[in-house]
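Student: Provided herewith is a single structure, encoded as structure tokens, for subsequent inquiry.
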Amino acid sequence: MTNKAKKSEYAQREEKILAKWQRDKTFEASLKKKSPKGDYTFLDGPPFATGLPHYGSLLSSEIKDAIARYQTMRGFHVHRRWGWDCHGLPIENMVEAELKIPDKKAIEDKLGIAKFNEACRKSVLGYAKDWKVFVDRIGRWTEFDNAYKTMDSTYMESVWWALKQMWDKDLIYHGRRVLLYCPRCETPISNAEVAMDNSYKQVTDTSVTVKFKVKNHEARIMKHGVPTYLVAWTTTPWSLFTVFGLSVGKKFDYSLIEYNGEQLIIAKDRVEAVMEGLDRFKVVKNIKGKDLIGLEFEHLVNYFYRHPEVKGNKKVYKVYDADYVTVEEGTGIVTINGSYGEDDFNQAQAQGLPVVMDIDEQGNFKDDVKDFAGKYALNQNDNIAKFLDDKGLLLRQDKYKHPYPHCHRCETKLQYRALPSWFINIQKVKPELLKLNEKINWYPGHLKHGRFKKIVEGAPDWNISRNRYWASPLPFWKCESCTEHVCIGSLAELKKLSTNYNQVYKSDDINKVDLHRPFVDKVKLKCSKCKSEMSRVPEVVDGWVESGSAPFAEHHYPFENKKIAESRMPADFIAEYIAQTRTWFYYLHVISTILFKKPAFSNVITTGTILAANGDKLSKSKRNFTEPTALLDEYGADPLRLYMLDSPVMDARDLFFDDRGVSEAYRKVVQISRNVVTFYESYGSKLTTKDLKPSTKHVLDKYIVSLLNQTATEVTEAWESYDTIKVGKSIRSFITELSTWYLRRSRDRFKAGDEDGIKTFGYVLLEMSKLLAPIAPYLAEDIYERVKGPEKSVHLDNWPVANKKLIDSKLLDQMELVHDIVERGLAARAEAGVKIRQPLTSYATDLVKKLDKDLIELVNDELNIKSLKFGKVKLDVKLTGELKLEGLYRELVRTINGLRKKQGLTVADRIVLNYETSSKDIVKVFDTWSKEMQEAILADELLAGMVDDEVEVVEVNGEKIKIKLIKK
Ligand SMILES: [Zn+2]
Ligand SMILES: [Zn+2]
């Protein structure tokens, strides 16, 4: 934003206003403004500062700013403090790349956690300065430099406090669950995060259909002496070595078929599909699913035969019943592998089958898997297929296309993996979560009982542990000897229970203590049960616990600011994009419900997703969008605000971002209203604010005052229901009407010096600037300053409450009829091919039986007719000599005013008109209309003849005239 030359005049004007706000500390003043209505609480969600802001971040800044400005004008105090999300994988991945750290092992073994975390701390706010430029430029008022940070020790202590509350309520447990896991980042990734950033990508994998050999001969099922196999299908061949059971559906029918001298068991409905393209086979008989249960089979490969959990285990290598088996795809027989699948894990737990990990944390096969040891498991599918084929255990191999989850941070293919983790028990609090959702106003409303309710209903327990470094450490200490665990809820408690606090920390002031790893890891406690040493568990907390704690952790609650924090809960308003429904909004709701038994927010605006004009994701590499800076320089911030806040994205739908929308908002709102103000300045610049009051003498003044107050009512209602689309539409339509009807029809009146009219005009513009202030803060300031003077800011003024007495509803309705009549009348003229400047005798309308006299005059003027009649529609196109002359007069005026413009004359310039003509009609016009002519062309004199050579020869309605304009 440095290249001044490229900036438009309006963009520069905005920047001047911004500089003035900064110089005058207008934002600070707005916070100190009288707030008779008290506090309106707003909670700002903390973004990561790991990249530049994009249109999505600008949009959320725009909406947050607009609502806060509106509420401030309404008489509320709106505390606005920025926040930064500092922890977690985004920043860790960035630092790993900066320091060229190949894997997680290198962090611990080579660099050390202390240095790694220090590097994270240094880089985390790397883009904060760039954010500030954008946030300021977009017109967002917020306490940016006083931002709260999730990495502050005070913030982290509040997070500990929150966890301790949940611990004491017995809502935190340690368990093993199958979670999505990134082998590169070596940590579980939440489903919500994968869903949020749409990290599913279409991939083509190798699927295999493999044969498990039946061990025991069951005469009721199979023929003796022929090898018999249970056939199973999987899209993850790499997971086959730790399969310890098979599931079937007891209600399904299965077929025994003969194929290549073997017998195969496949679900009856799947036989055709499974055997498609293979050699001939024969169905021998059908078997009930329930008859397969208990059947024993041999392992595919004997890697784990001697494993302590497998050896002597009577449950392994048997067939079980399971609800999740279907005959929609596959073979109707499903492998049970508790290590790498959620259903499988539950089934393994239920049946007492072992859960053995044969892949290490980096995603490589362990040594037990002799033939693939050290190989990256997810890459071995084809090799495994070949390996099994060589052993005669592969029935078929296919390509399988499916959406597959990838790490939202490093894009590595994720893997399901059974992991020991810490969880918040969501199932226990679910009824309360649903109940408190009823107290929240969602915008748009359908989210309440739609998407959000479904998310809550289907929510699994919340895995809050991450096997990483740069985050709040989990405050759980575990005994080395017995099973005792404790949760620490504050620094003071840590000091009290610790055996070596003073060796680790030099202070007990939270502001001087670094709670991050590895320091906190060194603090040891003594077990109250067995007196052994207790050490902190290695995990750190999921970043959503931190951002979800923002309502109170921002204030270092409950250690400080207890009253302030409590008075701000629930927040009156929060706003983010739709994907936060399952993340930030959800986690805020969970934490607040558990801790405070109330919702975290009362009103929530959910915006949609911003996509490229063609519907693709916005992508830097595809260059499918214009950089925000370029649009800000060309059109300014307000057109961007007007465009986005008035678009479907505010209805939580997708916005296909189109620069033309921004340019349209510029032309239709900014440019038009500024032109209107420029016109006002020629007549009203000497008026003071006290002079500006509405007059109702002239019908047009009465009308625009009615419309203004009507618009104020509409806009207020729209803000109260957080409907910015309606705000935008309402203001746009007012500005159009002001310019293309009120001002156009009033121009001559103002030129002629109608004082009441000009005062009304000024009053309307001033009130309009207030209505514009929340949504277009710069334009509003520009108008306010030009009409009222530069002393005060519009943002320190009060919201214009509509004066109901000034709304003449009958007049508003009638004016709509006038518009209709005019529109049809003009269409009739066009159809008859009569120029608008040619007066006609009459037009008859059937739209209305009668109109007030002054409205009839408006129609007559606009349609250029002598009289409006009511009845059967008819345009009288017969021309009398008089009408012809009048038409000629009007054409002449237009031509001469065109010449004035061409010579660069302004409304302040008076002229002498010299003319020479042999046209009898034109001479007649000058005779009949000289007075009107002088007024219309701002001429002091009309001089016939004596024209020198610098003349314009023009033709008007076929009559020639020579003209010269002499500026006085
Ligand atoms: Zn990753
Ligand atoms: Zn113990």
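Chain labels A, B, ... are given in the sequence in which chains occur in the structure tokens; within each chain residues are numbered consecutively from 1, and ligands are likewise numbered from 1 in the order shown.
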Please give me, as a ChimeraX atom specification, the residues lying within 9 Å of ligand 1 when counting only C-alpha atoms and all ligand atoms.
Tutor: /A:89,93,181-187,189,406-414
Student: Please identify the residues whose atoms come within 9 Å of ligand 2, using only C-alpha atoms and all ligand atoms, and report them as a list in words.
Tutor: Lys478, Cys479, Glu480, Ser481, Cys482, Thr483, Glu484, His485, Lys526, Cys527, Ser528, Lys529, Cys530, Lys531, Ser532, Glu533 and Met534 of chain A
Student: Could I get the residues of range 95-184 of chain A with an atom no further than 10 Å from an atom of range 416-435 of chain A, each paired with its nearest atom pair and that distance in Å to one decimal, using only C-alpha atoms, sorted by chain and residue number, as a tab-separated table?
Tutor:
residue	atom	partner	partner_atom	distance
A:Leu163	CA	A:Ile424	CA	9.3
A:Met166	CA	A:Ile424	CA	7.9
A:Trp167	CA	A:Ile424	CA	8.8
A:Asp170	CA	A:Asn425	CA	8.5
A:Leu171	CA	A:Asn425	CA	5.1
A:Ile172	CA	A:Ile424	CA	4.6
A:Tyr173	CA	A:Phe423	CA	5.3
A:His174	CA	A:Trp422	CA	4.5
A:Gly175	CA	A:Pro420	CA	5.5
A:Arg176	CA	A:Pro420	CA	4.2
A:Arg177	CA	A:Ala418	CA	5.2
A:Val178	CA	A:Ala418	CA	3.9
A:Leu179	CA	A:Tyr416	CA	5.4
A:Leu180	CA	A:Tyr416	CA	4.6
A:Tyr181	CA	A:Tyr416	CA	5.9
A:Cys182	CA	A:Tyr416	CA	8.8
A:Pro183	CA	A:Arg417	CA	9.8
Student: List as a short mmCIF file (atom, residue, chain, number, x, y, z; two decimals) with all heavy atoms, in the first residue's frame the protein and nucleic acid residues near range 320-326 of chain A, meaning an atom at most 9 Å away when only C-alpha atoms are counted, but skip any in the same chain fewer than 4 places from it.
Tutor:
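Saved file selection-v1.cif follows:
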data_model
loop_
_atom_site.label_atom_id
_atom_site.label_comp_id
_atom_site.auth_asym_id
_atom_site.auth_seq_id
_atom_site.Cartn_x
_atom_site.Cartn_y
_atom_site.Cartn_z
N GLY A 245 -9.52 -60.82 13.84
CA GLY A 245 -10.85 -61.39 13.80
C GLY A 245 -11.57 -60.94 12.52
O GLY A 245 -11.08 -60.07 11.80
N LEU A 246 -12.69 -61.57 12.22
CA LEU A 246 -13.51 -61.16 11.07
C LEU A 246 -14.94 -60.97 11.56
O LEU A 246 -15.39 -61.68 12.46
CB LEU A 246 -13.48 -62.24 9.98
CG LEU A 246 -12.14 -62.47 9.27
CD1 LEU A 246 -12.24 -63.71 8.37
CD2 LEU A 246 -11.72 -61.25 8.45
N SER A 247 -15.61 -59.99 10.96
CA SER A 247 -17.01 -59.76 11.31
C SER A 247 -17.92 -60.12 10.14
O SER A 247 -17.57 -59.86 8.99
CB SER A 247 -17.25 -58.29 11.67
OG SER A 247 -16.57 -57.95 12.85
N VAL A 248 -19.07 -60.70 10.47
CA VAL A 248 -20.12 -60.93 9.46
C VAL A 248 -21.42 -60.36 10.02
O VAL A 248 -21.48 -60.00 11.19
CB VAL A 248 -20.29 -62.43 9.16
CG1 VAL A 248 -19.04 -63.01 8.55
CG2 VAL A 248 -20.71 -63.18 10.41
N GLY A 249 -22.45 -60.29 9.19
CA GLY A 249 -23.76 -59.87 9.68
C GLY A 249 -24.63 -61.12 9.83
O GLY A 249 -24.84 -61.84 8.86
N LYS A 250 -25.13 -61.37 11.03
CA LYS A 250 -25.83 -62.64 11.24
C LYS A 250 -27.13 -62.71 10.44
O LYS A 250 -27.63 -63.78 10.13
CB LYS A 250 -26.08 -62.89 12.73
CG LYS A 250 -26.98 -61.88 13.40
CD LYS A 250 -27.14 -62.20 14.87
CE LYS A 250 -27.89 -61.07 15.55
NZ LYS A 250 -27.80 -61.10 17.00
N PHE A 252 -27.55 -61.65 7.36
CA PHE A 252 -27.34 -61.79 5.91
C PHE A 252 -27.17 -63.26 5.50
O PHE A 252 -26.80 -64.09 6.32
CB PHE A 252 -26.09 -61.01 5.47
CG PHE A 252 -26.19 -59.54 5.72
CD1 PHE A 252 -25.18 -58.87 6.41
CD2 PHE A 252 -27.29 -58.81 5.29
CE1 PHE A 252 -25.25 -57.51 6.65
CE2 PHE A 252 -27.37 -57.44 5.53
CZ PHE A 252 -26.36 -56.80 6.21
N GLY A 289 -25.76 -66.22 7.91
CA GLY A 289 -24.65 -65.50 8.55
C GLY A 289 -24.38 -66.03 9.95
O GLY A 289 -23.23 -66.19 10.36
N LYS A 290 -25.48 -66.28 10.67
CA LYS A 290 -25.28 -66.68 12.07
C LYS A 290 -24.53 -68.01 12.19
O LYS A 290 -23.89 -68.27 13.21
CB LYS A 290 -26.61 -66.71 12.81
CG LYS A 290 -27.60 -67.76 12.39
CD LYS A 290 -28.79 -67.69 13.36
CE LYS A 290 -30.04 -68.46 12.96
NZ LYS A 290 -29.97 -69.72 12.29
N LEU A 292 -21.96 -68.76 10.52
CA LEU A 292 -20.52 -68.54 10.34
C LEU A 292 -19.86 -68.13 11.65
O LEU A 292 -18.64 -68.24 11.81
CB LEU A 292 -20.27 -67.45 9.29
CG LEU A 292 -20.73 -67.76 7.86
CD1 LEU A 292 -20.54 -66.52 6.99
CD2 LEU A 292 -19.93 -68.92 7.28
N ILE A 293 -20.67 -67.62 12.57
CA ILE A 293 -20.12 -67.07 13.81
C ILE A 293 -19.40 -68.15 14.60
O ILE A 293 -19.92 -69.26 14.77
CB ILE A 293 -21.24 -66.41 14.64
CG1 ILE A 293 -21.74 -65.18 13.87
CG2 ILE A 293 -20.74 -65.98 16.02
CD1 ILE A 293 -23.04 -64.64 14.33
N GLY A 294 -18.20 -67.84 15.03
CA GLY A 294 -17.41 -68.80 15.81
C GLY A 294 -16.43 -69.60 14.97
O GLY A 294 -15.50 -70.23 15.49
N LEU A 295 -16.60 -69.55 13.67
CA LEU A 295 -15.68 -70.25 12.76
C LEU A 295 -14.25 -69.75 12.99
O LEU A 295 -14.04 -68.55 13.18
CB LEU A 295 -16.11 -69.92 11.32
CG LEU A 295 -16.03 -70.99 10.25
CD1 LEU A 295 -16.84 -72.23 10.66
CD2 LEU A 295 -16.56 -70.45 8.94
N GLY A 330 -17.93 -54.44 -0.84
CA GLY A 330 -17.07 -55.45 -0.25
C GLY A 330 -17.67 -56.84 -0.39
O GLY A 330 -18.38 -57.13 -1.35
N THR A 331 -17.40 -57.70 0.60
CA THR A 331 -17.79 -59.12 0.49
C THR A 331 -18.78 -59.52 1.55
O THR A 331 -19.18 -60.67 1.63
CB THR A 331 -16.54 -60.01 0.69
OG1 THR A 331 -16.04 -59.78 2.03
CG2 THR A 331 -15.44 -59.66 -0.29
N GLY A 332 -19.15 -58.55 2.44
CA GLY A 332 -20.03 -58.90 3.55
C GLY A 332 -19.25 -59.54 4.69
O GLY A 332 -19.84 -59.98 5.68
N ILE A 333 -17.93 -59.62 4.53
CA ILE A 333 -17.06 -60.10 5.62
C ILE A 333 -16.00 -59.01 5.83
O ILE A 333 -15.36 -58.57 4.87
CB ILE A 333 -16.37 -61.44 5.25
CG1 ILE A 333 -17.44 -62.50 4.99
CG2 ILE A 333 -15.43 -61.88 6.37
CD1 ILE A 333 -16.90 -63.83 4.50
N VAL A 334 -15.87 -58.56 7.08
CA VAL A 334 -15.04 -57.39 7.35
C VAL A 334 -13.94 -57.75 8.35
O VAL A 334 -14.20 -58.44 9.34
CB VAL A 334 -15.91 -56.25 7.92
CG1 VAL A 334 -15.06 -55.04 8.28
CG2 VAL A 334 -16.99 -55.86 6.92
N ASP A 343 -14.66 -48.45 14.24
CA ASP A 343 -15.60 -49.56 14.47
C ASP A 343 -14.83 -50.79 14.91
O ASP A 343 -15.26 -51.53 15.80
CB ASP A 343 -16.35 -49.90 13.18
CG ASP A 343 -17.42 -48.86 12.87
OD1 ASP A 343 -17.86 -48.17 13.81
OD2 ASP A 343 -17.80 -48.75 11.69
N GLN A 347 -15.16 -53.03 18.24
CA GLN A 347 -15.44 -54.46 18.10
C GLN A 347 -14.35 -55.26 18.82
O GLN A 347 -14.65 -56.21 19.54
CB GLN A 347 -15.52 -54.81 16.59
CG GLN A 347 -15.65 -56.28 16.27
CD GLN A 347 -17.06 -56.83 16.53
OE1 GLN A 347 -17.79 -56.33 17.37
NE2 GLN A 347 -17.42 -57.89 15.82
N GLN A 351 -15.02 -57.75 21.93
CA GLN A 351 -14.78 -59.19 21.84
C GLN A 351 -13.53 -59.62 22.57
O GLN A 351 -13.21 -60.81 22.60
CB GLN A 351 -14.67 -59.61 20.36
CG GLN A 351 -15.83 -59.16 19.48
CD GLN A 351 -17.17 -59.68 19.94
OE1 GLN A 351 -17.27 -60.54 20.81
NE2 GLN A 351 -18.26 -59.14 19.39
#
Student: Would you please give, as a VMD selection string, all residues of range 388-620 of chain A that DSSP assigns to alpha helix (DSSP H) based on the backbone?
Tutor: chain A and resid 388 to 390 426 to 437 446 to 447 453 to 458 491 to 497 501 to 504 543 to 547 550 to 553 562 to 567 584 to 596
Student: Excluding Glu959 in chain A and its own-chain neighbours fewer than 6 positions away, which residues fall within 10 Å of it when counting only C-alpha atoms? Please give them as a list in words.
Tutor: Leu888, Thr917, Ser918, Ser919, Lys920, Asp921 and Ile922 of chain A
Student: How would the residues just picked look written out with C-alpha atoms as a PDB file, in the first residue's frame?
Tutor:
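Okay, result-v3.pdb is ready:
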ATOM      1  CA  LEU A 888     -37.726  23.528 -29.832  1.00  0.00           C
ATOM      2  CA  THR A 917     -30.292  32.592 -37.044  1.00  0.00           C
ATOM      3  CA  SER A 918     -32.510  32.748 -40.088  1.00  0.00           C
ATOM      4  CA  SER A 919     -34.972  30.287 -38.601  1.00  0.00           C
ATOM      5  CA  LYS A 920     -38.314  31.933 -38.010  1.00  0.00           C
ATOM      6  CA  ASP A 921     -39.199  29.320 -35.389  1.00  0.00           C
ATOM      7  CA  ILE A 922     -36.044  29.975 -33.372  1.00  0.00           C
TER       8      ILE A 922
END
Student: From the list A:Glu831, A:Glu857, A:Glu342, A:Asp876, which residue is nearest Leu700 in chain A when using only C-alpha atoms?
Tutor: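 So, comparing all the options, the nearest one is A:Glu857.
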Student: Rank A:Asp344, A:Asp390, A:Glu546, A:Glu627 by their smallest atom-to-atom distance to His87 in chain A, using only C-alpha atoms, and report the top residue only.
Tutor: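 Using only C-alpha atoms, His87 in chain A sits closest to A:Glu546.
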Student: Which residue, A:Ser695, A:Ser547, A:Asn117, A:Ser535, has the smallest gap to Asp521 in chain A when you use only C-alpha atoms?
Tutor: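 Answer, going by the shortest atom-to-atom distance: A:Ser535.
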